[in-house]
Amino acid sequence: MEDLYSKVPPTKLRNKDEKFAPAKTSPFWLTIADLFFHGMLENRFFALRYKGADAIFHRDTSVPTILFAPHSNWWDGIVGYNLCTRVFHKEIRIMVEELNRFPLLRRAGAFSVNKKSPQASMAALKYSVETIGDLNNFLYIFPQGIIKPPNFRPLVFQTGLAYIAQKAVEKYGKVNLVPVAVNYMFLRADRPEVLVEFHEPIVLEDSKIDRKEYTHYLETVLTDICDSQFKELSEGHLDAYETLFQQPLRWYRKIEQRLKKIEIKGSGV
C-alpha cells in the first residue's frame, strides 16, 4: 500500500525545478480534448450519474466558482473534465504535477504545479486566482494535494484552497466554493459507474479568514457530504441521480434479461 499511495508528492520526490506552465486552450484543441476525454470515460464506465447540479446552476454567476473533491485515483481529473464541460458547459482549470511529461494537457485546461516547496507551488496558486477571473472557467481542485485510498479518513487538506479562496475574495468580492463527492462503484451492471454529488455552494465573502481554521471547516464539509453519499449509495438510494451517460447493455446482458423473463413450469421461479 505504501508503494500505491506515497505520502510525498511526485515533484518533491524528484526534487527538480520545473518552469511554471499555464493552461493554453483554443477552440480546436478543446474539441479534440472533448472527443478524447469524453470517449475515454465512456469506454471504461457503464454510466456517470450526478445529483445536486441545480444548486450550482442557481449560484451567483457573476463571481468565480471553485469545485473541490477528494482525490482517490487516476480517473478523478478526467471525471472533473467531463463534469465541467458536459454538465456545466465550462472550461476546466486543473493543477497537474509534472505537466512537462504531458504538455498536451495544457490544451485541455491543465496548468502545472510544483510541490517541491510551498514557495515553488505559489506560482500555481496565484495563477488559480487569476484564471477564475474568467467566468467561463471552473477551477477543479483536489485540496488533499496527493492521491489517497478510496474513502480515506480523515480528509486532510493543504491550505492552498483556502489561500485561493481568500485571494479571490480580495480580487473579485466573493467566491463560490462547491464540495463534490465522487464514488466509483459496481451496481447492477458489468462495469463500474461514477456517482457524483454536488453540494450547495459555500459563498465566501470575507477575506479576513484564518486559513488553517477555514481549511479545517472545508475538510469537515467535504467529509460530511462524502460520508452521506456513501451511506445513501450503500442503501441503494439512487432515485435523485441524473444520468450524464449510460451504455447500452452488451449482448450477454441482453440475453440475461430475456432469460429472466422466461417462466419455466415446475421450476418454482
# chains A, B, ... in the order shown; residues from 1 in each chain; ligands from 1
call {"tool": "residues_around", "arguments": {"residues": "Glu97 in chain A", "least_positions_apart": "5", "cutoff": "10 Å", "atoms": "only C-alpha atoms", "output": "PyMOL selection string"}}
result
chain A and resi 9-12+18+102+110-115+145-146
call {"tool": "residues_around", "arguments": {"residues": "Ser234 in chain A", "least_positions_apart": "3", "cutoff": "12 Å", "atoms": "only C-alpha atoms", "output": "list of chain:residue names"}}
result
A:Asn183, A:Met185, A:Phe186, A:Leu187, A:Leu195, A:Asp227, A:Ser228, A:Gln229, A:Phe230, A:Lys231, A:His237, A:Leu238
call {"tool": "select_by_dssp", "arguments": {"residues": "range 1-136 of chain A", "states": "alpha helix (DSSP H)", "output": "PyMOL selection string"}}
result
chain A and resi 10-14+27-44+53-57+76-82+118-131
call {"tool": "write_last_selection", "arguments": {"atoms": "C-alpha atoms", "output": "PDB file, in the first residue's frame"}}
result
ATOM      1  CA  PRO A  10       5.973  13.396  -7.168  1.00  0.00           C
ATOM      2  CA  THR A  11       7.603  16.792  -7.749  1.00  0.00           C
ATOM      3  CA  LYS A  12       9.003  16.743  -4.226  1.00  0.00           C
ATOM      4  CA  LEU A  13      10.330  13.215  -4.719  1.00  0.00           C
ATOM      5  CA  ARG A  14      12.070  14.188  -7.952  1.00  0.00           C
ATOM      6  CA  PRO A  27     -11.489  26.024 -29.703  1.00  0.00           C
ATOM      7  CA  PHE A  28      -9.688  23.469 -31.889  1.00  0.00           C
ATOM      8  CA  TRP A  29      -7.820  21.788 -29.029  1.00  0.00           C
ATOM      9  CA  LEU A  30     -10.856  21.830 -26.753  1.00  0.00           C
ATOM     10  CA  THR A  31     -12.807  19.949 -29.426  1.00  0.00           C
ATOM     11  CA  ILE A  32     -10.035  17.350 -29.562  1.00  0.00           C
ATOM     12  CA  ALA A  33      -9.949  17.146 -25.745  1.00  0.00           C
ATOM     13  CA  ASP A  34     -13.736  16.677 -25.621  1.00  0.00           C
ATOM     14  CA  LEU A  35     -13.573  13.769 -28.049  1.00  0.00           C
ATOM     15  CA  PHE A  36     -10.677  12.186 -26.166  1.00  0.00           C
ATOM     16  CA  PHE A  37     -11.755  12.627 -22.539  1.00  0.00           C
ATOM     17  CA  HIS A  38     -15.465  12.072 -23.105  1.00  0.00           C
ATOM     18  CA  GLY A  39     -14.741   8.896 -25.072  1.00  0.00           C
ATOM     19  CA  MET A  40     -12.161   7.677 -22.579  1.00  0.00           C
ATOM     20  CA  LEU A  41     -14.641   7.828 -19.702  1.00  0.00           C
ATOM     21  CA  GLU A  42     -17.453   6.209 -21.656  1.00  0.00           C
ATOM     22  CA  ASN A  43     -15.199   3.375 -22.814  1.00  0.00           C
ATOM     23  CA  ARG A  44     -14.340   2.402 -19.243  1.00  0.00           C
ATOM     24  CA  ALA A  53     -26.335  20.290 -10.015  1.00  0.00           C
ATOM     25  CA  ASP A  54     -29.356  22.602  -9.765  1.00  0.00           C
ATOM     26  CA  ALA A  55     -27.774  24.387  -6.808  1.00  0.00           C
ATOM     27  CA  ILE A  56     -24.730  25.145  -8.966  1.00  0.00           C
ATOM     28  CA  PHE A  57     -26.842  26.386 -11.866  1.00  0.00           C
ATOM     29  CA  ASP A  76     -10.524  11.936 -10.915  1.00  0.00           C
ATOM     30  CA  GLY A  77      -9.202  14.576 -13.298  1.00  0.00           C
ATOM     31  CA  ILE A  78     -10.987  13.047 -16.284  1.00  0.00           C
ATOM     32  CA  VAL A  79     -14.226  12.912 -14.293  1.00  0.00           C
ATOM     33  CA  GLY A  80     -13.712  16.574 -13.380  1.00  0.00           C
ATOM     34  CA  TYR A  81     -13.199  17.436 -17.052  1.00  0.00           C
ATOM     35  CA  ASN A  82     -16.451  15.708 -18.020  1.00  0.00           C
ATOM     36  CA  PRO A 118       5.463  25.980  -0.542  1.00  0.00           C
ATOM     37  CA  GLN A 119       7.366  28.679  -2.418  1.00  0.00           C
ATOM     38  CA  ALA A 120       7.513  26.551  -5.577  1.00  0.00           C
ATOM     39  CA  SER A 121       3.731  25.989  -5.516  1.00  0.00           C
ATOM     40  CA  MET A 122       2.990  29.708  -5.217  1.00  0.00           C
ATOM     41  CA  ALA A 123       3.019  30.266  -8.994  1.00  0.00           C
ATOM     42  CA  ALA A 124       0.169  27.757  -9.417  1.00  0.00           C
ATOM     43  CA  LEU A 125      -1.829  29.279  -6.556  1.00  0.00           C
ATOM     44  CA  LYS A 126      -1.504  32.807  -7.952  1.00  0.00           C
ATOM     45  CA  TYR A 127      -2.422  31.603 -11.421  1.00  0.00           C
ATOM     46  CA  SER A 128      -5.508  29.883  -9.984  1.00  0.00           C
ATOM     47  CA  VAL A 129      -6.717  33.209  -8.616  1.00  0.00           C
ATOM     48  CA  GLU A 130      -6.153  34.920 -11.966  1.00  0.00           C
ATOM     49  CA  THR A 131      -7.693  32.248 -14.195  1.00  0.00           C
TER      50      THR A 131
END
call {"tool": "atom_distance", "arguments": {"atom1": "CA of Val169 in chain A", "atom2": "CA of Glu200 in chain A"}}
result
18.4 Å
call {"tool": "residues_around", "arguments": {"residues": "His216 in chain A", "least_positions_apart": "5", "cutoff": "12 Å", "atoms": "only C-alpha atoms", "output": "PDB file with all heavy atoms, in the first residue's frame"}}
result
ATOM      1  N   PRO A 143      -7.877  19.327  -2.864  1.00  0.00           N
ATOM      2  CA  PRO A 143      -7.148  20.017  -1.789  1.00  0.00           C
ATOM      3  C   PRO A 143      -6.317  19.108  -0.891  1.00  0.00           C
ATOM      4  O   PRO A 143      -5.506  19.601  -0.117  1.00  0.00           O
ATOM      5  CB  PRO A 143      -8.266  20.702  -0.991  1.00  0.00           C
ATOM      6  CG  PRO A 143      -9.503  19.964  -1.332  1.00  0.00           C
ATOM      7  CD  PRO A 143      -9.330  19.454  -2.719  1.00  0.00           C
ATOM      8  N   GLN A 144      -6.505  17.776  -1.004  1.00  0.00           N
ATOM      9  CA  GLN A 144      -5.612  16.881  -0.250  1.00  0.00           C
ATOM     10  C   GLN A 144      -4.185  16.976  -0.773  1.00  0.00           C
ATOM     11  O   GLN A 144      -3.233  16.692  -0.061  1.00  0.00           O
ATOM     12  CB  GLN A 144      -6.096  15.432  -0.350  1.00  0.00           C
ATOM     13  CG  GLN A 144      -7.383  15.140   0.406  1.00  0.00           C
ATOM     14  CD  GLN A 144      -7.995  13.824  -0.024  1.00  0.00           C
ATOM     15  OE1 GLN A 144      -8.536  13.715  -1.122  1.00  0.00           O
ATOM     16  NE2 GLN A 144      -7.912  12.820   0.818  1.00  0.00           N
ATOM     17  N   PRO A 154      -8.861  10.493   8.080  1.00  0.00           N
ATOM     18  CA  PRO A 154      -9.584  11.750   7.873  1.00  0.00           C
ATOM     19  C   PRO A 154      -9.136  12.451   6.595  1.00  0.00           C
ATOM     20  O   PRO A 154      -8.004  12.267   6.146  1.00  0.00           O
ATOM     21  CB  PRO A 154      -9.203  12.576   9.098  1.00  0.00           C
ATOM     22  CG  PRO A 154      -7.811  12.114   9.430  1.00  0.00           C
ATOM     23  CD  PRO A 154      -7.796  10.633   9.110  1.00  0.00           C
ATOM     24  N   LEU A 155     -10.048  13.240   6.013  1.00  0.00           N
ATOM     25  CA  LEU A 155      -9.664  14.101   4.904  1.00  0.00           C
ATOM     26  C   LEU A 155      -8.843  15.258   5.464  1.00  0.00           C
ATOM     27  O   LEU A 155      -9.313  15.993   6.325  1.00  0.00           O
ATOM     28  CB  LEU A 155     -10.901  14.649   4.198  1.00  0.00           C
ATOM     29  CG  LEU A 155     -11.738  13.676   3.362  1.00  0.00           C
ATOM     30  CD1 LEU A 155     -12.922  14.410   2.748  1.00  0.00           C
ATOM     31  CD2 LEU A 155     -10.904  13.014   2.279  1.00  0.00           C
ATOM     32  N   VAL A 156      -7.627  15.380   5.001  1.00  0.00           N
ATOM     33  CA  VAL A 156      -6.742  16.454   5.460  1.00  0.00           C
ATOM     34  C   VAL A 156      -6.327  17.270   4.248  1.00  0.00           C
ATOM     35  O   VAL A 156      -5.748  16.738   3.303  1.00  0.00           O
ATOM     36  CB  VAL A 156      -5.504  15.878   6.177  1.00  0.00           C
ATOM     37  CG1 VAL A 156      -4.570  17.012   6.582  1.00  0.00           C
ATOM     38  CG2 VAL A 156      -5.916  15.060   7.397  1.00  0.00           C
ATOM     39  N   PHE A 157      -6.650  18.557   4.273  1.00  0.00           N
ATOM     40  CA  PHE A 157      -6.340  19.440   3.156  1.00  0.00           C
ATOM     41  C   PHE A 157      -5.042  20.197   3.403  1.00  0.00           C
ATOM     42  O   PHE A 157      -4.693  20.512   4.537  1.00  0.00           O
ATOM     43  CB  PHE A 157      -7.436  20.496   2.969  1.00  0.00           C
ATOM     44  CG  PHE A 157      -8.768  19.961   2.512  1.00  0.00           C
ATOM     45  CD1 PHE A 157      -9.837  20.834   2.352  1.00  0.00           C
ATOM     46  CD2 PHE A 157      -8.965  18.611   2.244  1.00  0.00           C
ATOM     47  CE1 PHE A 157     -11.071  20.379   1.928  1.00  0.00           C
ATOM     48  CE2 PHE A 157     -10.194  18.130   1.830  1.00  0.00           C
ATOM     49  CZ  PHE A 157     -11.253  19.025   1.669  1.00  0.00           C
ATOM     50  N   GLN A 158      -4.363  20.520   2.322  1.00  0.00           N
ATOM     51  CA  GLN A 158      -3.337  21.550   2.374  1.00  0.00           C
ATOM     52  C   GLN A 158      -4.059  22.906   2.357  1.00  0.00           C
ATOM     53  O   GLN A 158      -5.254  22.968   2.090  1.00  0.00           O
ATOM     54  CB  GLN A 158      -2.384  21.398   1.196  1.00  0.00           C
ATOM     55  CG  GLN A 158      -1.626  20.076   1.216  1.00  0.00           C
ATOM     56  CD  GLN A 158      -0.691  19.897   0.034  1.00  0.00           C
ATOM     57  OE1 GLN A 158      -0.562  20.776  -0.820  1.00  0.00           O
ATOM     58  NE2 GLN A 158      -0.044  18.752  -0.034  1.00  0.00           N
ATOM     59  N   THR A 159      -3.349  23.967   2.649  1.00  0.00           N
ATOM     60  CA  THR A 159      -4.014  25.273   2.787  1.00  0.00           C
ATOM     61  C   THR A 159      -4.161  26.015   1.457  1.00  0.00           C
ATOM     62  O   THR A 159      -4.622  27.152   1.425  1.00  0.00           O
ATOM     63  CB  THR A 159      -3.246  26.162   3.781  1.00  0.00           C
ATOM     64  OG1 THR A 159      -1.886  26.302   3.326  1.00  0.00           O
ATOM     65  CG2 THR A 159      -3.263  25.564   5.172  1.00  0.00           C
ATOM     66  N   LEU A 161      -6.274  25.658  -1.066  1.00  0.00           N
ATOM     67  CA  LEU A 161      -7.649  26.022  -1.405  1.00  0.00           C
ATOM     68  C   LEU A 161      -8.079  27.268  -0.639  1.00  0.00           C
ATOM     69  O   LEU A 161      -8.685  28.181  -1.214  1.00  0.00           O
ATOM     70  CB  LEU A 161      -8.590  24.854  -1.102  1.00  0.00           C
ATOM     71  CG  LEU A 161     -10.090  25.125  -1.287  1.00  0.00           C
ATOM     72  CD1 LEU A 161     -10.397  25.588  -2.701  1.00  0.00           C
ATOM     73  CD2 LEU A 161     -10.901  23.872  -0.934  1.00  0.00           C
ATOM     74  N   ALA A 162      -7.788  27.320   0.654  1.00  0.00           N
ATOM     75  CA  ALA A 162      -8.152  28.493   1.460  1.00  0.00           C
ATOM     76  C   ALA A 162      -7.413  29.729   0.965  1.00  0.00           C
ATOM     77  O   ALA A 162      -7.979  30.838   0.938  1.00  0.00           O
ATOM     78  CB  ALA A 162      -7.837  28.233   2.935  1.00  0.00           C
ATOM     79  N   ILE A 209     -10.068  35.710   6.769  1.00  0.00           N
ATOM     80  CA  ILE A 209     -10.234  34.386   7.379  1.00  0.00           C
ATOM     81  C   ILE A 209      -8.889  33.886   7.887  1.00  0.00           C
ATOM     82  O   ILE A 209      -7.836  34.290   7.394  1.00  0.00           O
ATOM     83  CB  ILE A 209     -10.803  33.371   6.370  1.00  0.00           C
ATOM     84  CG1 ILE A 209      -9.894  33.293   5.127  1.00  0.00           C
ATOM     85  CG2 ILE A 209     -12.237  33.700   5.987  1.00  0.00           C
ATOM     86  CD1 ILE A 209     -10.228  32.155   4.180  1.00  0.00           C
ATOM     87  N   ASP A 210      -8.943  33.035   8.868  1.00  0.00           N
ATOM     88  CA  ASP A 210      -7.761  32.301   9.277  1.00  0.00           C
ATOM     89  C   ASP A 210      -7.668  31.070   8.365  1.00  0.00           C
ATOM     90  O   ASP A 210      -8.571  30.230   8.367  1.00  0.00           O
ATOM     91  CB  ASP A 210      -7.875  31.875  10.747  1.00  0.00           C
ATOM     92  CG  ASP A 210      -6.648  31.133  11.217  1.00  0.00           C
ATOM     93  OD1 ASP A 210      -6.513  29.941  10.849  1.00  0.00           O
ATOM     94  OD2 ASP A 210      -5.834  31.705  11.950  1.00  0.00           O
ATOM     95  N   ARG A 211      -6.621  30.981   7.577  1.00  0.00           N
ATOM     96  CA  ARG A 211      -6.553  29.930   6.557  1.00  0.00           C
ATOM     97  C   ARG A 211      -6.598  28.530   7.154  1.00  0.00           C
ATOM     98  O   ARG A 211      -7.241  27.626   6.611  1.00  0.00           O
ATOM     99  CB  ARG A 211      -5.281  30.098   5.715  1.00  0.00           C
ATOM    100  CG  ARG A 211      -5.380  31.223   4.711  1.00  0.00           C
ATOM    101  CD  ARG A 211      -4.131  31.285   3.856  1.00  0.00           C
ATOM    102  NE  ARG A 211      -3.961  32.638   3.330  1.00  0.00           N
ATOM    103  CZ  ARG A 211      -2.805  33.128   2.935  1.00  0.00           C
ATOM    104  NH1 ARG A 211      -1.715  32.404   3.024  1.00  0.00           N
ATOM    105  NH2 ARG A 211      -2.735  34.363   2.465  1.00  0.00           N
ATOM    106  N   VAL A 221     -16.793  19.894   5.868  1.00  0.00           N
ATOM    107  CA  VAL A 221     -17.924  19.921   4.930  1.00  0.00           C
ATOM    108  C   VAL A 221     -17.785  18.802   3.900  1.00  0.00           C
ATOM    109  O   VAL A 221     -18.738  18.059   3.634  1.00  0.00           O
ATOM    110  CB  VAL A 221     -18.018  21.287   4.224  1.00  0.00           C
ATOM    111  CG1 VAL A 221     -19.058  21.233   3.102  1.00  0.00           C
ATOM    112  CG2 VAL A 221     -18.391  22.378   5.217  1.00  0.00           C
ATOM    113  N   LEU A 222     -16.598  18.653   3.313  1.00  0.00           N
ATOM    114  CA  LEU A 222     -16.422  17.627   2.284  1.00  0.00           C
ATOM    115  C   LEU A 222     -16.519  16.225   2.882  1.00  0.00           C
ATOM    116  O   LEU A 222     -17.097  15.319   2.268  1.00  0.00           O
ATOM    117  CB  LEU A 222     -15.086  17.806   1.557  1.00  0.00           C
ATOM    118  CG  LEU A 222     -14.887  16.876   0.346  1.00  0.00           C
ATOM    119  CD1 LEU A 222     -15.987  17.080  -0.699  1.00  0.00           C
ATOM    120  CD2 LEU A 222     -13.519  17.084  -0.289  1.00  0.00           C
ATOM    121  N   THR A 223     -15.983  16.052   4.075  1.00  0.00           N
ATOM    122  CA  THR A 223     -16.091  14.749   4.741  1.00  0.00           C
ATOM    123  C   THR A 223     -17.547  14.376   4.955  1.00  0.00           C
ATOM    124  O   THR A 223     -17.967  13.240   4.682  1.00  0.00           O
ATOM    125  CB  THR A 223     -15.358  14.763   6.095  1.00  0.00           C
ATOM    126  OG1 THR A 223     -13.965  15.037   5.882  1.00  0.00           O
ATOM    127  CG2 THR A 223     -15.499  13.421   6.807  1.00  0.00           C
TER     128      THR A 223
END
call {"tool": "closest_residue", "arguments": {"among": "A:Leu244, A:Leu249, A:Ile147, A:Val8", "to": "Pro70 in chain A", "atoms": "only C-alpha atoms"}}
result
A:Ile147
call {"tool": "residues_around", "arguments": {"residues": "Val63 in chain A", "least_positions_apart": "4", "cutoff": "8 Å", "atoms": "only C-alpha atoms", "output": "compact mmCIF listing (two decimals) with N, CA and C atoms, in the first residue's frame"}}
result
# COMPACT_ATOMS: atom_id res chain seq x y z
N GLY A 133 -10.90 34.45 -12.75
CA GLY A 133 -11.49 35.74 -13.08
C GLY A 133 -12.24 35.68 -14.41
N LEU A 135 -14.95 34.03 -16.11
CA LEU A 135 -16.09 33.27 -15.60
C LEU A 135 -16.50 32.12 -16.51
N TYR A 172 -12.19 39.67 -6.32
CA TYR A 172 -13.48 39.66 -7.01
C TYR A 172 -14.68 39.94 -6.10
N GLY A 173 -14.46 40.08 -4.81
CA GLY A 173 -15.56 40.39 -3.89
C GLY A 173 -16.11 39.19 -3.16
N LYS A 174 -16.28 38.08 -3.86
CA LYS A 174 -16.68 36.82 -3.23
C LYS A 174 -16.42 35.67 -4.19
N VAL A 175 -16.58 34.46 -3.69
CA VAL A 175 -16.29 33.28 -4.50
C VAL A 175 -17.21 32.14 -4.08
N ASN A 176 -17.61 31.32 -5.05
CA ASN A 176 -18.41 30.12 -4.78
C ASN A 176 -17.48 28.93 -4.60
call {"tool": "residues_around", "arguments": {"residues": "Ala181 in chain A", "least_positions_apart": "3", "cutoff": "7 Å", "atoms": "only C-alpha atoms", "output": "list of chain:residue names"}}
result
A:Ala69, A:Val196, A:Glu197, A:Phe198, A:Ile225, A:Cys226
call {"tool": "write_last_selection", "arguments": {"atoms": "all heavy atoms", "output": "compact mmCIF listing (two decimals), in the first residue's frame"}}
result
# COMPACT_ATOMS: atom_id res chain seq x y z
N ALA A 69 -12.80 18.40 -4.59
CA ALA A 69 -13.20 17.00 -4.45
C ALA A 69 -12.06 16.19 -3.84
O ALA A 69 -10.90 16.60 -3.88
CB ALA A 69 -13.56 16.43 -5.82
N VAL A 196 -21.66 11.02 -8.60
CA VAL A 196 -21.19 12.34 -8.19
C VAL A 196 -22.30 13.10 -7.49
O VAL A 196 -23.44 13.11 -7.97
CB VAL A 196 -20.70 13.16 -9.40
CG1 VAL A 196 -20.23 14.55 -8.97
CG2 VAL A 196 -19.59 12.42 -10.15
N GLU A 197 -21.97 13.72 -6.36
CA GLU A 197 -22.93 14.58 -5.68
C GLU A 197 -22.33 15.96 -5.46
O GLU A 197 -21.24 16.09 -4.88
CB GLU A 197 -23.33 13.98 -4.33
CG GLU A 197 -24.36 14.83 -3.58
CD GLU A 197 -24.88 14.19 -2.31
OE1 GLU A 197 -24.60 12.99 -2.09
OE2 GLU A 197 -25.56 14.89 -1.53
N PHE A 198 -23.03 16.98 -5.93
CA PHE A 198 -22.61 18.36 -5.73
C PHE A 198 -23.31 18.93 -4.51
O PHE A 198 -24.51 18.76 -4.33
CB PHE A 198 -22.96 19.23 -6.94
CG PHE A 198 -22.36 18.77 -8.23
CD1 PHE A 198 -23.13 18.09 -9.17
CD2 PHE A 198 -21.02 19.01 -8.52
CE1 PHE A 198 -22.58 17.65 -10.36
CE2 PHE A 198 -20.46 18.57 -9.71
CZ PHE A 198 -21.25 17.90 -10.64
N ILE A 225 -20.28 15.40 3.33
CA ILE A 225 -21.00 15.10 2.10
C ILE A 225 -20.55 13.77 1.51
O ILE A 225 -21.37 12.99 1.00
CB ILE A 225 -20.89 16.24 1.06
CG1 ILE A 225 -21.79 15.93 -0.15
CG2 ILE A 225 -19.51 16.48 0.62
CD1 ILE A 225 -21.79 17.01 -1.21
N CYS A 226 -19.27 13.46 1.61
CA CYS A 226 -18.76 12.18 1.10
C CYS A 226 -19.33 11.01 1.92
O CYS A 226 -19.74 9.98 1.36
CB CYS A 226 -17.24 12.15 1.13
SG CYS A 226 -16.45 13.21 -0.12
call {"tool": "atom_distance", "arguments": {"atom1": "CA of Tyr163 in chain A", "atom2": "CA of Lys7 in chain A"}}
result
22.0 Å
call {"tool": "closest_residue", "arguments": {"among": "A:Ile141, A:Cys84, A:Ala189, A:Ala21", "to": "Arg101 in chain A", "atoms": "only C-alpha atoms"}}
result
A:Ala21
call {"tool": "select_by_dssp", "arguments": {"residues": "range 174-246 of chain A", "states": "strand (DSSP E or B)", "output": "list in words"}}
result
Val175, Asn176, Leu177, Val178, Pro179, Val180, Ala181, Val182, Asn183, Tyr184, Met185, Glu193, Val194, Leu195, Val196, Glu197, Phe198, Ile202, Val203, Leu204, Glu242, Thr243, Leu244, Phe245 and Gln246 of chain A
call {"tool": "atom_distance", "arguments": {"atom1": "CA of Thr65 in chain A", "atom2": "CA of Leu139 in chain A"}}
result
6.7 Å
call {"tool": "residues_around", "arguments": {"residues": "Leu48 in chain A", "least_positions_apart": "5", "cutoff": "7 Å", "atoms": "only C-alpha atoms", "output": "ChimeraX atom specification"}}
result
/A:193-195,243-246
call {"tool": "write_last_selection", "arguments": {"atoms": "all heavy atoms", "output": "JSON list (two decimals), in the first residue's frame"}}
result
[["chain", "number", "residue", "atom", "x", "y", "z"],
["A", 193, "GLU", "N", -19.65, 2.30, -12.25],
["A", 193, "GLU", "CA", -20.30, 3.57, -12.54],
["A", 193, "GLU", "C", -19.66, 4.67, -11.70],
["A", 193, "GLU", "O", -19.10, 4.40, -10.63],
["A", 193, "GLU", "CB", -21.79, 3.48, -12.22],
["A", 193, "GLU", "CG", -22.49, 2.37, -12.99],
["A", 193, "GLU", "CD", -24.00, 2.40, -12.85],
["A", 193, "GLU", "OE1", -24.55, 3.48, -12.55],
["A", 193, "GLU", "OE2", -24.64, 1.35, -13.07],
["A", 194, "VAL", "N", -19.74, 5.89, -12.19],
["A", 194, "VAL", "CA", -19.26, 7.05, -11.45],
["A", 194, "VAL", "C", -20.47, 7.76, -10.86],
["A", 194, "VAL", "O", -21.40, 8.12, -11.59],
["A", 194, "VAL", "CB", -18.49, 8.03, -12.37],
["A", 194, "VAL", "CG1", -17.86, 9.14, -11.53],
["A", 194, "VAL", "CG2", -17.42, 7.29, -13.17],
["A", 195, "LEU", "N", -20.48, 7.95, -9.54],
["A", 195, "LEU", "CA", -21.57, 8.60, -8.84],
["A", 195, "LEU", "C", -21.05, 9.90, -8.24],
["A", 195, "LEU", "O", -20.09, 9.89, -7.47],
["A", 195, "LEU", "CB", -22.14, 7.72, -7.74],
["A", 195, "LEU", "CG", -22.96, 6.47, -8.09],
["A", 195, "LEU", "CD1", -24.10, 6.79, -9.04],
["A", 195, "LEU", "CD2", -22.08, 5.37, -8.66],
["A", 243, "THR", "N", -28.61, 11.15, -15.12],
["A", 243, "THR", "CA", -27.64, 10.37, -15.88],
["A", 243, "THR", "C", -26.99, 11.22, -16.96],
["A", 243, "THR", "O", -27.69, 11.76, -17.83],
["A", 243, "THR", "CB", -28.31, 9.14, -16.52],
["A", 243, "THR", "OG1", -28.84, 8.32, -15.48],
["A", 243, "THR", "CG2", -27.30, 8.33, -17.32],
["A", 244, "LEU", "N", -25.68, 11.36, -16.89],
["A", 244, "LEU", "CA", -24.94, 12.07, -17.94],
["A", 244, "LEU", "C", -24.79, 11.17, -19.16],
["A", 244, "LEU", "O", -24.99, 11.58, -20.29],
["A", 244, "LEU", "CB", -23.57, 12.51, -17.43],
["A", 244, "LEU", "CG", -22.70, 13.26, -18.45],
["A", 244, "LEU", "CD1", -23.36, 14.57, -18.85],
["A", 244, "LEU", "CD2", -21.30, 13.51, -17.90],
["A", 245, "PHE", "N", -24.39, 9.92, -18.93],
["A", 245, "PHE", "CA", -24.37, 8.93, -20.00],
["A", 245, "PHE", "C", -24.57, 7.54, -19.38],
["A", 245, "PHE", "O", -24.27, 7.32, -18.22],
["A", 245, "PHE", "CB", -23.07, 8.97, -20.81],
["A", 245, "PHE", "CG", -21.85, 8.48, -20.06],
["A", 245, "PHE", "CD1", -21.56, 7.13, -19.92],
["A", 245, "PHE", "CD2", -20.96, 9.39, -19.50],
["A", 245, "PHE", "CE1", -20.44, 6.68, -19.23],
["A", 245, "PHE", "CE2", -19.84, 8.96, -18.80],
["A", 245, "PHE", "CZ", -19.58, 7.60, -18.67],
["A", 246, "GLN", "N", -25.10, 6.64, -20.18],
["A", 246, "GLN", "CA", -25.26, 5.23, -19.78],
["A", 246, "GLN", "C", -25.10, 4.38, -21.03],
["A", 246, "GLN", "O", -25.70, 4.65, -22.06],
["A", 246, "GLN", "CB", -26.62, 4.97, -19.13],
["A", 246, "GLN", "CG", -26.83, 3.50, -18.75],
["A", 246, "GLN", "CD", -28.14, 3.28, -18.02],
["A", 246, "GLN", "OE1", -28.42, 3.95, -17.03],
["A", 246, "GLN", "NE2", -28.94, 2.34, -18.50]]
call {"tool": "decode", "arguments": {"residues": "range 62-94 of chain A", "atoms": "C-alpha atoms", "output": "short mmCIF file (atom, residue, chain, number, x, y, z; two decimals), in the first residue's frame"}}
result
data_model
loop_
_atom_site.label_atom_id
_atom_site.label_comp_id
_atom_site.auth_asym_id
_atom_site.auth_seq_id
_atom_site.Cartn_x
_atom_site.Cartn_y
_atom_site.Cartn_z
CA SER A 62 -21.18 37.00 -11.50
CA VAL A 63 -18.36 35.65 -9.30
CA PRO A 64 -15.79 32.84 -9.71
CA THR A 65 -16.55 29.20 -8.90
CA ILE A 66 -14.21 26.58 -7.45
CA LEU A 67 -15.13 22.89 -7.26
CA PHE A 68 -13.16 20.78 -4.79
CA ALA A 69 -13.20 17.00 -4.45
CA PRO A 70 -11.31 14.11 -2.84
CA HIS A 71 -8.51 12.53 -4.87
CA SER A 72 -8.52 8.73 -4.83
CA ASN A 73 -7.41 7.62 -8.29
CA TRP A 74 -6.17 8.42 -11.78
CA TRP A 75 -9.69 8.96 -13.17
CA ASP A 76 -10.52 11.94 -10.91
CA GLY A 77 -9.20 14.58 -13.30
CA ILE A 78 -10.99 13.05 -16.28
CA VAL A 79 -14.23 12.91 -14.29
CA GLY A 80 -13.71 16.57 -13.38
CA TYR A 81 -13.20 17.44 -17.05
CA ASN A 82 -16.45 15.71 -18.02
CA LEU A 83 -18.39 17.40 -15.21
CA CYS A 84 -17.18 20.89 -16.07
CA THR A 85 -17.59 20.59 -19.83
CA ARG A 86 -20.69 18.39 -20.13
CA VAL A 87 -22.78 19.27 -17.08
CA PHE A 88 -21.91 22.96 -16.63
CA HIS A 89 -20.51 23.78 -20.10
CA LYS A 90 -17.43 25.49 -18.68
CA GLU A 91 -13.73 25.13 -19.35
CA ILE A 92 -11.84 23.33 -16.61
CA ARG A 93 -8.72 24.66 -14.95
CA ILE A 94 -6.90 21.95 -13.05
#
